[in-house]
Amino acid sequence: MMLASIVGVLTSMPVKVGLLCAAFGLGVGYAITERHRSRWLAGSMHACSALLAFIAVASFLAVGPRPWHRSFLNEHDTYHYYFGAKYSAELGYDGLYRCTLLALDELSPQYHRRVATLRSMAHYRHIDKNYYLAGRRDRCHERFSPERWDQFKADVLTYQKNYSPNWQGYLHDKGYNPTPAWTIVGRFVAQRIPIEPWQRFNGIGIIDLLALLAAFGLAFAVFGWQKAVIALVFSCGCFALTLTFIRGSVLRLDWLAALVAAVAMLGAKRYAVCGVLIGYATMVRVFPALFLLGPIVLGTVSMVRNRRIPKPTAALVLAFTLTCGLLLGASAALTGQRDGWRSWATKISLHNADISTMRLGLGPLLMYRGEMAERDIAGPDGRGSFRNYFVPHKQAVVASMRPFHIAIAVLVLGLLVVGLVRKPHSDLEALGLSLPVVFVLVSPTFYYYCLLIPLVLASVASCSRQSTRLIVLGLFCAAEISLHLLHSFVRFEYGSYSLMSIALAVVSAATVAVTLRPQAQKGSV
């Protein structure tokens, strides 16, 4: 009982908000320490930092009150990524749900008695389960050898016995979506970690923790305790990782660890290593490529002014390109699917075209029309549903707003380029300004906005002016605090996440303004 109470406190919204306030407070405290150079003050700050780091890590590791969590394992997400990767050669991007249903039926129809429908990966609509059970069994059997089918069924049975999964909820999700590049890594791990014994399998999420630990270790080594601990405390209060949607699964935060490590390597001027890390993150999640925009703009400006390609930019871009090329070739050769990337492109196009209530970005913001209750998504006559009215209606809105979306994106990117050209920036500082780029160009699900963590690290480690450093850190902390508050107090999901997009739009605009801020005169702080 006492342990449950402690976990509840550590995972509560006030503690998360407190960690974000503490991250900003550490930034202010270390800025004062730098100015006054007091040993007593520095010692006090180090003691506070150590205490806050301990509380932050404890809060991050606390399981939390999610219904599918009996351990750090995220059972819902692990089902998709473990089974999807381990049996990727047979399942592809469209077979996970219907083959799971067939396996359950052959094991015992009792296991799927509560399943009424499952989502089709052809169009994302819900289909009656009997459609697949009645006459489409061969669609799964012909994909598997008898030995592999028996192994798949045995894994499904083990999952059923150990975790009593909510199959209706699992089979209503949106399938297996990682790139073929992630699939070769995920399959390598899945084939070496059997589903039994389940006590060991419960620790599969520790892989992500170890990767993040190594990444922050690099950050501590390169930037020192003061700057790295700010990013660490911020990361443990980050809203995107609070709800445990992707925490506790298998290699769901590998791209994040790669980006944190890339920031550290860029700070250490290891441009080739940084390019490799961003290349990996790009090939498994695509959007991390946008983090290169700032450094490439700086390199281009330098090339125009000096009439030669700067070696750091060349090393960064070449390493990035080679990494992407190698992973592209390896994934095509090793996934067992000749058209793996084409299949993924088809699947992800369907995924991106679908309307989700939990995406953040300029696109979701432009289609928002003030809906704050269920009745607002039921259509003018009040008889529509989310799938048959709201989704097609919002897809039409997105299409009509596309020219406006493009115009805003061009304006934002143009202003960022102007800001980078007008006054000197380091590559690390330029990378730290990537939030507006991501916000206007892509609309990821909210949990991918843990991308703010490497941006915070880059900003606090690179900004030469203390005032700029604190402004950027304050903006990111304010954004995260607003996300926590909106999620806690706005009960209508689509409304709360739309308001989150507004909050991120404000922070993105402020970030652009900081970029355009006039250069400090000599002698100023």
# chains A, B, ... in the order shown; residues from 1 in each chain; ligands from 1
>>> residues_around(residues="A:Leu366", least_positions_apart="4", cutoff="10 Å", atoms="only C-alpha atoms", output="PyMOL selection string")
chain A and resi 361-362+397-398+401-402+404-405+498+501-502
>>> write_last_selection(atoms="N, CA and C atoms", output="PDB file, in the first residue's frame")
ATOM      1  N   GLY A 361       0.785  19.394 -34.030  1.00  0.00           N
ATOM      2  CA  GLY A 361       1.499  20.026 -35.131  1.00  0.00           C
ATOM      3  C   GLY A 361       0.627  21.071 -35.802  1.00  0.00           C
ATOM      4  N   LEU A 362       1.173  21.678 -36.834  1.00  0.00           N
ATOM      5  CA  LEU A 362       0.429  22.715 -37.546  1.00  0.00           C
ATOM      6  C   LEU A 362      -0.792  22.148 -38.259  1.00  0.00           C
ATOM      7  N   VAL A 397     -11.216  19.050 -44.585  1.00  0.00           N
ATOM      8  CA  VAL A 397     -10.696  20.311 -44.050  1.00  0.00           C
ATOM      9  C   VAL A 397      -9.185  20.401 -44.265  1.00  0.00           C
ATOM     10  N   VAL A 398      -8.486  19.302 -44.003  1.00  0.00           N
ATOM     11  CA  VAL A 398      -7.033  19.272 -44.198  1.00  0.00           C
ATOM     12  C   VAL A 398      -6.690  19.579 -45.648  1.00  0.00           C
ATOM     13  N   MET A 401      -7.152  23.244 -46.424  1.00  0.00           N
ATOM     14  CA  MET A 401      -6.199  24.120 -45.747  1.00  0.00           C
ATOM     15  C   MET A 401      -4.764  23.908 -46.210  1.00  0.00           C
ATOM     16  N   ARG A 402      -4.544  22.972 -47.124  1.00  0.00           N
ATOM     17  CA  ARG A 402      -3.168  22.649 -47.505  1.00  0.00           C
ATOM     18  C   ARG A 402      -2.396  23.856 -48.066  1.00  0.00           C
ATOM     19  N   PHE A 404      -2.703  26.990 -47.341  1.00  0.00           N
ATOM     20  CA  PHE A 404      -2.402  27.846 -46.192  1.00  0.00           C
ATOM     21  C   PHE A 404      -1.305  27.217 -45.337  1.00  0.00           C
ATOM     22  N   HIS A 405      -1.388  25.903 -45.164  1.00  0.00           N
ATOM     23  CA  HIS A 405      -0.376  25.169 -44.401  1.00  0.00           C
ATOM     24  C   HIS A 405       1.002  25.345 -45.053  1.00  0.00           C
ATOM     25  N   SER A 498      -5.796  19.383 -29.311  1.00  0.00           N
ATOM     26  CA  SER A 498      -5.809  20.540 -30.217  1.00  0.00           C
ATOM     27  C   SER A 498      -5.285  21.781 -29.504  1.00  0.00           C
ATOM     28  N   SER A 501      -1.627  21.698 -29.418  1.00  0.00           N
ATOM     29  CA  SER A 501      -1.026  22.184 -30.656  1.00  0.00           C
ATOM     30  C   SER A 501      -0.928  23.710 -30.654  1.00  0.00           C
ATOM     31  N   ILE A 502      -1.941  24.363 -30.090  1.00  0.00           N
ATOM     32  CA  ILE A 502      -1.887  25.826 -29.984  1.00  0.00           C
ATOM     33  C   ILE A 502      -0.728  26.244 -29.089  1.00  0.00           C
TER      34      ILE A 502
END
>>> residues_around(residues="A:Ala240", least_positions_apart="2", cutoff="10 Å", atoms="only C-alpha atoms", output="list in words")
Ser235, Cys236, Gly237, Cys238, Thr242, Leu243, Thr244, Phe245, Ile246, Arg247, Thr445, Phe446, Tyr447, Tyr448, Tyr449, Cys450, Leu451, Leu452, Glu480, Leu483 and His484 of chain A
>>> write_last_selection(atoms="N, CA and C atoms", output="mmCIF file, in the first residue's frame")
data_model
loop_
_atom_site.group_PDB
_atom_site.id
_atom_site.type_symbol
_atom_site.label_atom_id
_atom_site.label_comp_id
_atom_site.auth_asym_id
_atom_site.auth_seq_id
_atom_site.Cartn_x
_atom_site.Cartn_y
_atom_site.Cartn_z
ATOM 1 N N SER A 235 13.736 15.789 -18.989
ATOM 2 C CA SER A 235 13.256 14.588 -19.679
ATOM 3 C C SER A 235 12.345 13.750 -18.796
ATOM 4 N N CYS A 236 12.619 13.713 -17.502
ATOM 5 C CA CYS A 236 11.801 12.901 -16.590
ATOM 6 C C CYS A 236 10.464 13.565 -16.274
ATOM 7 N N GLY A 237 10.346 14.851 -16.567
ATOM 8 C CA GLY A 237 9.064 15.525 -16.409
ATOM 9 C C GLY A 237 8.330 15.711 -17.717
ATOM 10 N N CYS A 238 8.935 15.261 -18.807
ATOM 11 C CA CYS A 238 8.380 15.476 -20.153
ATOM 12 C C CYS A 238 7.014 14.805 -20.303
ATOM 13 N N THR A 242 5.162 10.703 -19.993
ATOM 14 C CA THR A 242 4.441 10.528 -18.742
ATOM 15 C C THR A 242 3.410 9.409 -18.822
ATOM 16 N N LEU A 243 2.695 9.328 -19.934
ATOM 17 C CA LEU A 243 1.573 8.401 -20.029
ATOM 18 C C LEU A 243 1.989 6.993 -20.406
ATOM 19 N N THR A 244 3.285 6.759 -20.559
ATOM 20 C CA THR A 244 3.845 5.424 -20.809
ATOM 21 C C THR A 244 3.280 4.760 -22.056
ATOM 22 N N PHE A 245 2.920 5.539 -23.078
ATOM 23 C CA PHE A 245 2.456 4.926 -24.316
ATOM 24 C C PHE A 245 3.577 4.161 -25.008
ATOM 25 N N ILE A 246 4.781 4.700 -24.994
ATOM 26 C CA ILE A 246 5.885 4.012 -25.661
ATOM 27 C C ILE A 246 6.989 3.615 -24.691
ATOM 28 N N ARG A 247 6.883 4.024 -23.438
ATOM 29 C CA ARG A 247 7.834 3.554 -22.437
ATOM 30 C C ARG A 247 7.557 2.100 -22.103
ATOM 31 N N THR A 445 2.231 11.813 -33.464
ATOM 32 C CA THR A 445 1.473 11.588 -32.243
ATOM 33 C C THR A 445 2.206 12.234 -31.074
ATOM 34 N N PHE A 446 1.463 12.672 -30.086
ATOM 35 C CA PHE A 446 2.022 13.505 -29.023
ATOM 36 C C PHE A 446 3.270 12.918 -28.382
ATOM 37 N N TYR A 447 3.336 11.571 -28.269
ATOM 38 C CA TYR A 447 4.466 11.019 -27.526
ATOM 39 C C TYR A 447 5.791 11.182 -28.260
ATOM 40 N N TYR A 448 5.772 11.497 -29.550
ATOM 41 C CA TYR A 448 7.030 11.765 -30.244
ATOM 42 C C TYR A 448 7.594 13.145 -29.906
ATOM 43 N N TYR A 449 6.831 13.955 -29.192
ATOM 44 C CA TYR A 449 7.359 15.259 -28.797
ATOM 45 C C TYR A 449 8.322 15.171 -27.619
ATOM 46 N N CYS A 450 8.696 13.953 -27.235
ATOM 47 C CA CYS A 450 9.869 13.826 -26.369
ATOM 48 C C CYS A 450 11.121 14.257 -27.128
ATOM 49 N N LEU A 451 10.960 14.575 -28.426
ATOM 50 C CA LEU A 451 12.048 15.157 -29.210
ATOM 51 C C LEU A 451 12.520 16.485 -28.616
ATOM 52 N N LEU A 452 11.722 17.086 -27.717
ATOM 53 C CA LEU A 452 12.159 18.305 -27.049
ATOM 54 C C LEU A 452 13.369 18.062 -26.149
ATOM 55 N N GLU A 480 5.911 22.247 -21.963
ATOM 56 C CA GLU A 480 5.627 20.966 -21.320
ATOM 57 C C GLU A 480 4.624 21.117 -20.177
ATOM 58 N N LEU A 483 1.184 21.340 -21.571
ATOM 59 C CA LEU A 483 0.671 20.045 -22.026
ATOM 60 C C LEU A 483 0.139 19.230 -20.856
ATOM 61 N N HIS A 484 0.863 19.227 -19.741
ATOM 62 C CA HIS A 484 0.389 18.530 -18.545
ATOM 63 C C HIS A 484 -0.943 19.094 -18.065
#
>>> residues_around(residues="A:Ala257", least_positions_apart="2", cutoff="12 Å", atoms="only C-alpha atoms", output="PyMOL selection string")
chain A and resi 207-219+235+251-255+259-264+277-278+280-281+288+450-451+453-454
>>> write_last_selection(atoms="C-alpha atoms", output="CSV table (one decimal), in the first residue's frame")
chain,number,residue,atom,x,y,z
A,207,ILE,CA,16.9,-1.9,-23.5
A,208,ASP,CA,15.6,1.6,-24.0
A,209,LEU,CA,16.6,2.6,-20.6
A,210,LEU,CA,20.1,1.4,-21.1
A,211,ALA,CA,20.3,3.3,-24.5
A,212,LEU,CA,19.1,6.5,-22.8
A,213,LEU,CA,21.5,6.0,-19.9
A,214,ALA,CA,24.4,5.7,-22.4
A,215,ALA,CA,23.2,8.7,-24.3
A,216,PHE,CA,23.0,10.9,-21.1
A,217,GLY,CA,26.4,9.5,-20.1
A,218,LEU,CA,27.8,10.9,-23.2
A,219,ALA,CA,26.1,14.2,-22.5
A,235,SER,CA,13.3,14.6,-19.7
A,251,LEU,CA,13.3,-0.2,-28.8
A,252,ARG,CA,10.6,2.5,-28.9
A,253,LEU,CA,13.0,5.2,-27.6
A,254,ASP,CA,16.1,4.1,-29.6
A,255,TRP,CA,15.7,7.1,-31.9
A,259,LEU,CA,19.4,12.0,-30.9
A,260,VAL,CA,20.6,12.8,-27.4
A,261,ALA,CA,23.9,11.1,-28.2
A,262,ALA,CA,24.1,13.0,-31.5
A,263,VAL,CA,23.8,16.3,-29.6
A,264,ALA,CA,26.6,15.2,-27.3
A,277,LEU,CA,23.5,8.8,-35.1
A,278,ILE,CA,21.1,11.1,-36.8
A,280,TYR,CA,20.1,5.9,-37.6
A,281,ALA,CA,17.3,7.9,-36.0
A,288,PRO,CA,14.7,13.2,-37.1
A,450,CYS,CA,9.9,13.8,-26.4
A,451,LEU,CA,12.0,15.2,-29.2
A,453,ILE,CA,14.7,16.5,-24.8
A,454,PRO,CA,17.7,16.7,-27.2
>>> select_by_dssp(residues="stretch 410-444 of chain A", states="alpha helix (DSSP H)", output="list in words")
Val410, Leu411, Val412, Leu413, Gly414, Leu415, Leu416, Val417, Val418, Gly419, Leu420, Val421, Arg422, Asp427, Leu428, Glu429, Ala430, Leu431, Leu435, Pro436, Val437, Val438, Phe439, Val440 and Leu441 of chain A
>>> write_last_selection(atoms="C-alpha atoms", output="short mmCIF file (atom, residue, chain, number, x, y, z; two decimals), in the first residue's frame")
data_model
loop_
_atom_site.label_atom_id
_atom_site.label_comp_id
_atom_site.auth_asym_id
_atom_site.auth_seq_id
_atom_site.Cartn_x
_atom_site.Cartn_y
_atom_site.Cartn_z
CA VAL A 410 7.50 28.39 -46.00
CA LEU A 411 7.24 31.57 -43.92
CA VAL A 412 8.47 29.88 -40.72
CA LEU A 413 11.34 28.13 -42.46
CA GLY A 414 12.28 31.35 -44.25
CA LEU A 415 12.38 33.30 -40.99
CA LEU A 416 14.53 30.62 -39.37
CA VAL A 417 16.97 30.73 -42.27
CA VAL A 418 17.09 34.54 -42.05
CA GLY A 419 17.78 34.33 -38.33
CA LEU A 420 20.57 31.81 -38.86
CA VAL A 421 22.14 33.95 -41.60
CA ARG A 422 21.87 37.31 -39.82
CA ASP A 427 25.93 24.03 -35.27
CA LEU A 428 24.69 22.89 -31.87
CA GLU A 429 22.67 26.05 -31.34
CA ALA A 430 21.19 25.76 -34.83
CA LEU A 431 20.14 22.16 -34.14
CA LEU A 435 11.09 22.65 -32.89
CA PRO A 436 9.43 25.06 -35.37
CA VAL A 437 10.70 22.93 -38.27
CA VAL A 438 9.12 19.76 -36.85
CA PHE A 439 5.93 21.60 -35.87
CA VAL A 440 5.17 23.00 -39.32
CA LEU A 441 6.31 20.04 -41.44
#
>>> atom_distance(atom1="atom CA of A:Leu290", atom2="atom CA of A:Ala458")
14.7 Å
>>> closest_residue(among="A:Leu73, A:Val156, A:Val276, A:Cys140", to="A:Tyr111", atoms="only C-alpha atoms")
A:Val156
>>> atom_distance(atom1="atom CA of A:Asp77", atom2="atom CA of A:Tyr368")
28.2 Å
>>> closest_residue(among="A:Ala89, A:Ser12, A:Thr357, A:Tyr132", to="A:Ser145", atoms="only C-alpha atoms")
A:Ala89
>>> closest_residue(among="A:Ile355, A:Ala268, A:Leu293, A:Ala407", to="A:Arg387", atoms="only C-alpha atoms")
A:Ile355
>>> select_by_dssp(residues="stretch 21-234 of chain A", states="strand (DSSP E)", output="PyMOL selection string")
chain A and resi 117-119+126-128
>>> write_last_selection(atoms="C-alpha atoms", output="compact mmCIF listing (two decimals), in the first residue's frame")
# COMPACT_ATOMS: atom_id res chain seq x y z
CA THR A 117 -14.30 -6.40 -34.76
CA LEU A 118 -10.72 -5.70 -35.74
CA ARG A 119 -9.18 -2.90 -37.72
CA HIS A 126 -13.35 -1.95 -38.32
CA ILE A 127 -14.35 -5.31 -39.80
CA ASP A 128 -16.45 -8.04 -38.17
>>> atom_distance(atom1="atom CA of A:Val28", atom2="atom CA of A:Leu433")
20.2 Å
>>> closest_residue(among="A:Gly95, A:His123, A:Pro194, A:Leu107", to="A:His351", atoms="only C-alpha atoms")
A:His123
